[in-house]
Each structure stands twice: as C-alpha cells, then as structure tokens.
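Novice: So that you have it, the file is entry20.cif, and it contains mmCIF, C-alpha atoms:
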```
data_run
#
loop_
_atom_site.label_atom_id
_atom_site.label_comp_id
_atom_site.auth_asym_id
_atom_site.auth_seq_id
_atom_site.Cartn_x
_atom_site.Cartn_y
_atom_site.Cartn_z
CA MET A 1 10.76 38.70 -13.48
CA GLU A 2 12.65 35.42 -13.89
CA LYS A 3 15.03 33.96 -16.45
CA GLU A 4 16.36 30.41 -16.67
CA VAL A 5 20.08 29.65 -16.83
CA LYS A 6 21.98 26.33 -16.73
CA SER A 7 25.37 26.30 -15.08
CA ASP A 8 28.02 23.96 -13.69
CA HIS A 9 28.26 24.11 -9.92
CA LEU A 10 30.87 22.67 -7.55
CA SER A 11 33.66 22.30 -10.12
CA GLY A 12 31.47 20.66 -12.71
CA GLN A 13 30.37 17.77 -10.48
CA GLN A 14 26.70 18.45 -11.12
CA VAL A 15 24.82 20.60 -13.60
CA VAL A 16 22.55 22.91 -11.65
CA GLU A 17 19.64 24.78 -13.14
CA LYS A 18 19.85 28.42 -12.09
CA LYS A 19 17.12 30.98 -12.57
CA GLU A 20 17.55 34.73 -12.83
CA PHE A 21 15.20 36.98 -10.89
CA THR A 22 14.77 40.74 -11.19
CA GLY A 23 13.23 43.15 -8.71
CA ARG A 24 13.59 46.48 -6.95
CA SER A 25 15.36 45.09 -3.88
CA LEU A 26 17.14 41.98 -2.67
CA GLU A 27 14.16 41.20 -0.45
CA ASP A 28 11.83 41.34 -3.46
CA VAL A 29 13.92 39.04 -5.65
CA LEU A 30 14.55 36.53 -2.85
CA SER A 31 10.82 36.39 -2.13
CA LEU A 32 10.17 35.83 -5.84
CA ALA A 33 12.82 33.09 -5.95
CA GLU A 34 11.20 31.36 -2.94
CA HIS A 35 7.80 31.47 -4.66
CA VAL A 36 8.97 30.25 -8.08
CA LEU A 37 11.40 27.57 -6.89
CA LYS A 38 9.09 26.54 -4.02
CA ILE A 39 12.04 26.38 -1.65
CA ALA A 40 12.53 28.21 1.65
CA ARG A 41 15.09 31.01 1.60
CA GLU A 42 17.49 29.21 3.92
CA ASN A 43 17.70 26.38 1.37
CA LEU A 44 18.60 28.67 -1.54
CA ASP A 45 22.00 29.68 -2.87
CA TYR A 46 22.18 32.88 -4.91
CA GLU A 47 24.57 35.33 -6.50
CA ILE A 48 24.01 38.97 -7.40
CA VAL A 49 24.34 39.48 -11.16
CA THR A 50 23.84 43.23 -11.27
CA GLU A 51 22.56 46.07 -9.14
CA LYS A 52 21.87 49.46 -10.61
CA THR A 53 19.75 52.57 -10.40
CA LYS A 54 17.89 53.27 -13.65
CA LEU A 55 17.38 56.99 -13.12
CA PHE A 56 17.34 58.69 -9.73
CA GLY A 57 16.24 57.47 -6.34
CA LEU A 58 15.38 54.08 -4.86
CA LYS A 59 12.10 53.79 -6.79
CA ASN A 60 14.01 53.05 -9.95
CA LYS A 61 16.57 50.69 -8.44
CA GLU A 62 16.87 47.25 -10.06
CA ILE A 63 18.65 44.15 -8.80
CA VAL A 64 19.21 40.85 -10.66
CA ILE A 65 20.23 37.62 -8.93
CA ARG A 66 20.72 33.99 -9.95
CA ALA A 67 19.22 31.49 -7.49
CA TRP A 68 19.26 27.69 -7.25
CA PRO A 69 18.51 24.95 -4.66
CA ARG A 70 21.35 24.57 -2.19
CA GLN A 71 23.25 21.39 -3.01
CA GLY A 72 23.85 18.61 -0.53
CA ASN A 73 20.96 19.40 1.83
CA GLU A 74 18.25 17.22 0.32
CA ILE A 75 17.85 15.28 3.58
CA ASP A 76 17.29 18.54 5.48
CA LEU A 77 14.70 19.67 2.92
CA VAL A 78 12.79 16.39 3.18
CA ASN A 79 13.07 16.26 6.96
CA ASN A 80 11.85 19.85 7.39
CA PHE A 81 8.84 19.19 5.17
CA LEU A 82 7.95 15.92 6.92
CA SER A 83 8.35 17.37 10.42
CA ARG A 84 5.85 20.12 9.53
CA LEU A 85 3.52 17.57 7.91
CA MET A 86 3.63 15.23 10.93
CA ALA A 87 2.75 18.17 13.19
CA VAL A 88 -0.62 18.60 11.46
CA LEU A 89 -1.30 15.03 10.32
CA PRO A 90 -3.45 13.24 12.95
CA LEU A 91 -1.48 10.01 12.70
CA GLU A 92 1.13 8.32 14.90
CA LEU A 93 3.99 7.85 12.43
CA THR A 94 7.76 7.71 12.48
CA TYR A 95 10.14 7.89 9.55
CA GLU A 96 13.78 7.34 8.64
CA ILE A 97 15.57 9.22 5.86
CA LYS A 98 18.60 7.95 3.95
CA LYS A 99 20.41 9.10 0.84
CA ARG A 100 22.12 6.78 -1.64
CA ASP A 101 23.66 8.06 -4.86
CA GLN A 102 21.18 10.64 -6.21
CA LEU A 103 18.12 9.25 -4.42
CA VAL A 104 16.58 10.10 -1.04
CA TYR A 105 14.71 7.24 0.63
CA VAL A 106 12.03 7.73 3.30
CA VAL A 107 10.76 4.69 5.22
CA PHE A 108 7.67 5.14 7.39
CA ALA A 109 6.68 3.12 10.45
CA GLY A 110 4.54 3.67 13.51
CA GLU A 111 1.21 2.76 15.06
CA ASP A 112 -0.89 4.30 12.25
CA LYS A 113 1.19 3.13 9.29
CA HIS A 114 -1.75 1.11 7.93
CA TRP A 115 -3.41 4.42 6.92
CA LEU A 116 -0.51 5.08 4.56
CA LEU A 117 -1.17 1.75 2.82
CA LYS A 118 -4.96 2.08 2.59
CA ASP A 119 -6.44 2.26 -0.95
CA GLU A 120 -3.33 0.89 -2.67
CA GLY A 121 -0.98 3.21 -0.78
CA ALA A 122 -2.79 6.38 -1.87
CA LEU A 123 -1.57 8.52 1.05
CA LEU A 124 1.97 7.12 0.89
CA LEU A 125 2.26 7.91 -2.81
CA ALA A 126 0.70 11.35 -2.33
CA ILE A 127 3.41 12.18 0.23
CA GLN A 128 6.03 10.94 -2.22
CA HIS A 129 4.58 13.20 -4.93
CA LEU A 130 4.76 16.23 -2.62
CA LEU A 131 8.33 15.45 -1.55
CA ASN A 132 9.42 15.28 -5.18
CA LYS A 133 7.99 18.75 -5.68
CA ILE A 134 10.25 20.29 -3.04
CA SER A 135 13.39 18.17 -3.38
CA PRO A 136 16.05 18.83 -6.05
CA VAL A 137 16.70 15.05 -6.23
CA LYS A 138 14.28 12.14 -6.60
CA VAL A 139 12.58 10.90 -3.42
CA GLN A 140 11.17 7.40 -2.89
CA VAL A 141 8.96 6.53 0.07
CA ASP A 142 8.13 3.11 1.48
CA CYS A 143 6.33 1.41 4.34
CA ASP A 144 6.22 -2.30 5.19
CA PHE A 145 7.87 -3.17 1.84
CA PHE A 146 4.91 -1.64 -0.01
CA ARG A 147 7.04 -0.75 -3.05
CA ARG A 148 8.33 -4.29 -3.47
CA ARG A 149 4.85 -5.81 -3.31
CA LYS A 150 3.29 -3.11 -5.50
CA GLU A 151 6.01 -3.36 -8.14
CA ARG A 152 5.64 -7.13 -8.33
CA GLN A 153 1.86 -6.81 -8.81
CA LEU A 154 2.27 -4.11 -11.48
CA ARG A 155 4.91 -6.08 -13.36
CA GLU A 156 2.66 -9.14 -13.40
CA TYR A 157 -0.28 -7.02 -14.57
CA ALA A 158 1.78 -5.30 -17.28
CA THR A 159 3.11 -8.66 -18.52
CA GLU A 160 -0.44 -10.02 -18.71
CA ILE A 161 -1.69 -6.97 -20.67
CA ALA A 162 1.33 -7.06 -22.99
CA GLU A 163 0.72 -10.72 -23.80
CA LYS A 164 -2.94 -10.02 -24.53
CA VAL A 165 -2.14 -7.13 -26.90
CA ARG A 166 0.61 -9.14 -28.61
CA GLU A 167 -1.74 -12.06 -29.26
CA THR A 168 -4.90 -10.15 -30.26
CA GLY A 169 -3.35 -7.08 -31.88
CA GLN A 170 -5.97 -4.99 -30.10
CA GLU A 171 -4.78 -2.06 -28.02
CA GLU A 172 -5.62 -1.80 -24.32
CA VAL A 173 -6.26 1.41 -22.38
CA LEU A 174 -5.62 0.90 -18.67
CA ASP A 175 -7.38 2.60 -15.78
CA LEU A 176 -6.10 5.83 -14.24
CA MET A 177 -2.70 5.46 -12.59
CA ASN A 178 -0.31 7.68 -10.66
CA PRO A 179 3.20 8.44 -12.03
CA TYR A 180 4.86 5.61 -10.06
CA GLU A 181 2.43 3.02 -11.41
CA ARG A 182 2.61 4.32 -14.98
CA ARG A 183 6.38 4.22 -15.04
CA ILE A 184 6.48 0.52 -14.17
CA ILE A 185 3.91 -0.25 -16.87
CA HIS A 186 5.95 1.72 -19.43
CA ILE A 187 9.17 -0.11 -18.51
CA VAL A 188 7.71 -3.63 -18.61
CA VAL A 189 5.68 -3.23 -21.83
CA ASN A 190 8.47 -1.50 -23.75
CA GLN A 191 10.72 -4.49 -23.13
CA VAL A 192 8.37 -6.61 -25.28
CA PRO A 193 9.32 -6.52 -28.99
CA GLY A 194 6.62 -4.94 -31.13
CA LEU A 195 4.78 -3.21 -28.26
CA THR A 196 4.90 0.28 -26.81
CA THR A 197 2.91 2.60 -24.55
CA GLU A 198 1.79 6.18 -24.12
CA SER A 199 0.13 8.13 -21.33
CA LEU A 200 -3.28 9.67 -21.99
CA GLY A 201 -4.70 12.69 -20.21
CA ASP A 202 -3.42 15.52 -18.03
CA GLY A 203 -2.72 15.88 -14.36
CA PHE A 204 -1.43 13.55 -11.66
CA LEU A 205 -3.57 10.57 -12.72
CA LYS A 206 -3.43 9.38 -16.33
CA LYS A 207 -4.39 6.32 -18.34
CA VAL A 208 -1.83 4.19 -20.18
CA ARG A 209 -2.41 2.97 -23.72
CA VAL A 210 -0.66 -0.29 -24.69
CA PHE A 211 -0.48 -1.00 -28.43
CA LYS A 212 1.45 -2.71 -31.21
CA VAL A 213 3.97 -0.99 -33.48
CA ASN A 214 4.98 -2.12 -36.95
CA GLU A 215 8.60 -1.04 -36.88
CA PRO A 216 11.22 -0.83 -34.11
CA GLY A 217 11.65 2.85 -34.94
CA GLN A 218 8.11 3.49 -33.77
CA LYS A 219 9.02 2.63 -30.20
CA ARG A 220 8.32 5.64 -28.04
CA ARG A 221 10.92 7.10 -25.73
CA LEU A 222 10.11 6.22 -22.15
CA GLU A 223 8.33 9.11 -20.45
CA GLN A 224 10.13 10.89 -17.63
CA GLU A 225 7.32 10.55 -15.12
#
```
Turn the structure described in the file into structure tokens.
Specialist:
Amino acid sequence: MEKEVKSDHLSGQQVVEKKEFTGRSLEDVLSLAEHVLKIARENLDYEIVTEKTKLFGLKNKEIVIRAWPRQGNEIDLVNNFLSRLMAVLPLELTYEIKKRDQLVYVVFAGEDKHWLLKDEGALLLAIQHLLNKISPVKVQVDCDFFRRRKERQLREYATEIAEKVRETGQEEVLDLMNPYERRIIHIVVNQVPGLTTESLGDGFLKKVRVFKVNEPGQKRRLEQE
C-alpha cells in the first residue's frame, strides 16, 4: 500500500515528493517502492515511519516507510539506464551527459547516429521520453544539433498556422505530435493575441487544436507536457 506525502528535503532547498509504503517487511516495502517509483533500490532514499506487530508473530508485522528518489544523482540514473540500453541496442553510439541548473543534457554521437535522426528523430525522442520516466529532473537529448533545427522548423510551422487561423477565423487541428513538438506549438501560438491551443487525444502522440478566443481570459494555461 502506498501514500503520497510532500516534504522539504536538504534544508528546504528543494521540495521532494515522498511516498509512503506499507508492507509486512522492509524487503516487501522496498520492492514495492522500486516498482511504484520505477527507480532501482540503490537510487532510493527512505526513512522508516513505523514498525509494529499487530497481534502476535511475524505474520502480522507491519512496516511503513517513506521513500523518494535520491537527490543529486540524476547523472548516475541517466548513465546507468543508457549503458544498459546501449548494451542491447545494435548501434554504434557514444554519448555525453551534462547537468546545468535543473536539466540533464545527453548528446549522442557515433557511427550510427543517423539512425537516431531517422523519421524526424523518432528514436532520439523516444529515448528522451524514456529517460524522463526514470529521472527526477527533466532530461533533454540531442544529436547533430537536431533540437535546434527541429525547433526552428516547428516555430516556423506554428507561426504559419497561427497566421492562417488569425486571418480566416477557422480553427486548425494539426497532425499527431509527440510532447516535445506539441510544447513548441503551444508556446508559439499562445504568444499571438487572440489565439490559443489545446491537445486532443490520449497517450504519447496527440493532435493540437489551434483556435481563436474572444477574450484574453479564455487563454488556456500552457500544458505541462
């Protein structure tokens, strides 16, 4: 059983989301924490909240812990994941990991880097999506300045769509996009007075609707994608 708790960690420098887990032994609750948080045990910090025996004997023992991702080891988390991925991925790739502020950056290179960029960077962005699932801070990946080129193309496309909707008054529903692509569209369009956006659908790929609003108050809050 799990319970969510928010707490200040490291003298209030960062608010860390802690979860409470209950089980019959420390091994049980740590295994549950690994499964729920999707983080290996060595990358977890935890504290024992309570440990008691309900009636008699070990069968009725109950232990409660609070667990959270260990702070300050995001590079290790990303590197461990990528080293395991590279071991099974049949590609000759290298990568460099850096951290700046609250972002981890991964830059790929190597003989087979062109496969990462195939189909509009589908594999590169899929790896980024996976890394953001296991890292407690945001991860951005890049290869051969893909992000710079892709962002420029998306900004130009979003500006073109925004101008069309502004002139015709007719909404536009864009093709399926991944979270990275959608976010750029949202940012660019919502900078145009009288226009806003929303994502349509469920899952990793969604469509973006671009439409006019009558009042500034109708502007939608930018989605945290």
Novice: Quick check, in Å to one decimal: how far apart do atom CA of A:Val137 and atom CA of A:Val104 lie?
Specialist: 7.2 Å
Novice: Since I can't run it myself right now, could you work out what the PyMOL selection byres ((chain A and resi 78) around 12) selects here and report it as a PyMOL selection string?
Specialist: chain A and resi 39-40+43+72-77+79-85+95-99+103-106+127-141
Novice: Tell me which of A:Val64, A:Val210, A:Leu89, A:Val173 sits closest to A:Val49, counting all atoms listed in the file.
Specialist: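 Closest to A:Val49 of all the choices is A:Val64.
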Novice: Tell me which of A:Lys150, A:Asp45, A:Arg24, A:Asp101 sits closest to A:Glu120, counting all atoms listed in the file.
Specialist: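 Under the stated criterion, the closest residue is A:Lys150.
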Novice: Which residues come within 8 Å of A:Ser25, counting all atoms listed in the file, excluding same-chain residues fewer than 4 positions away, as a PyMOL selection string?
Specialist: chain A and resi 29+61-63
Novice: How many Å lie between atom CA of A:Met86 and atom CA of A:Ala67, rounded to one decimal?
Specialist: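 Interatomic distance here is 29.1 Å.
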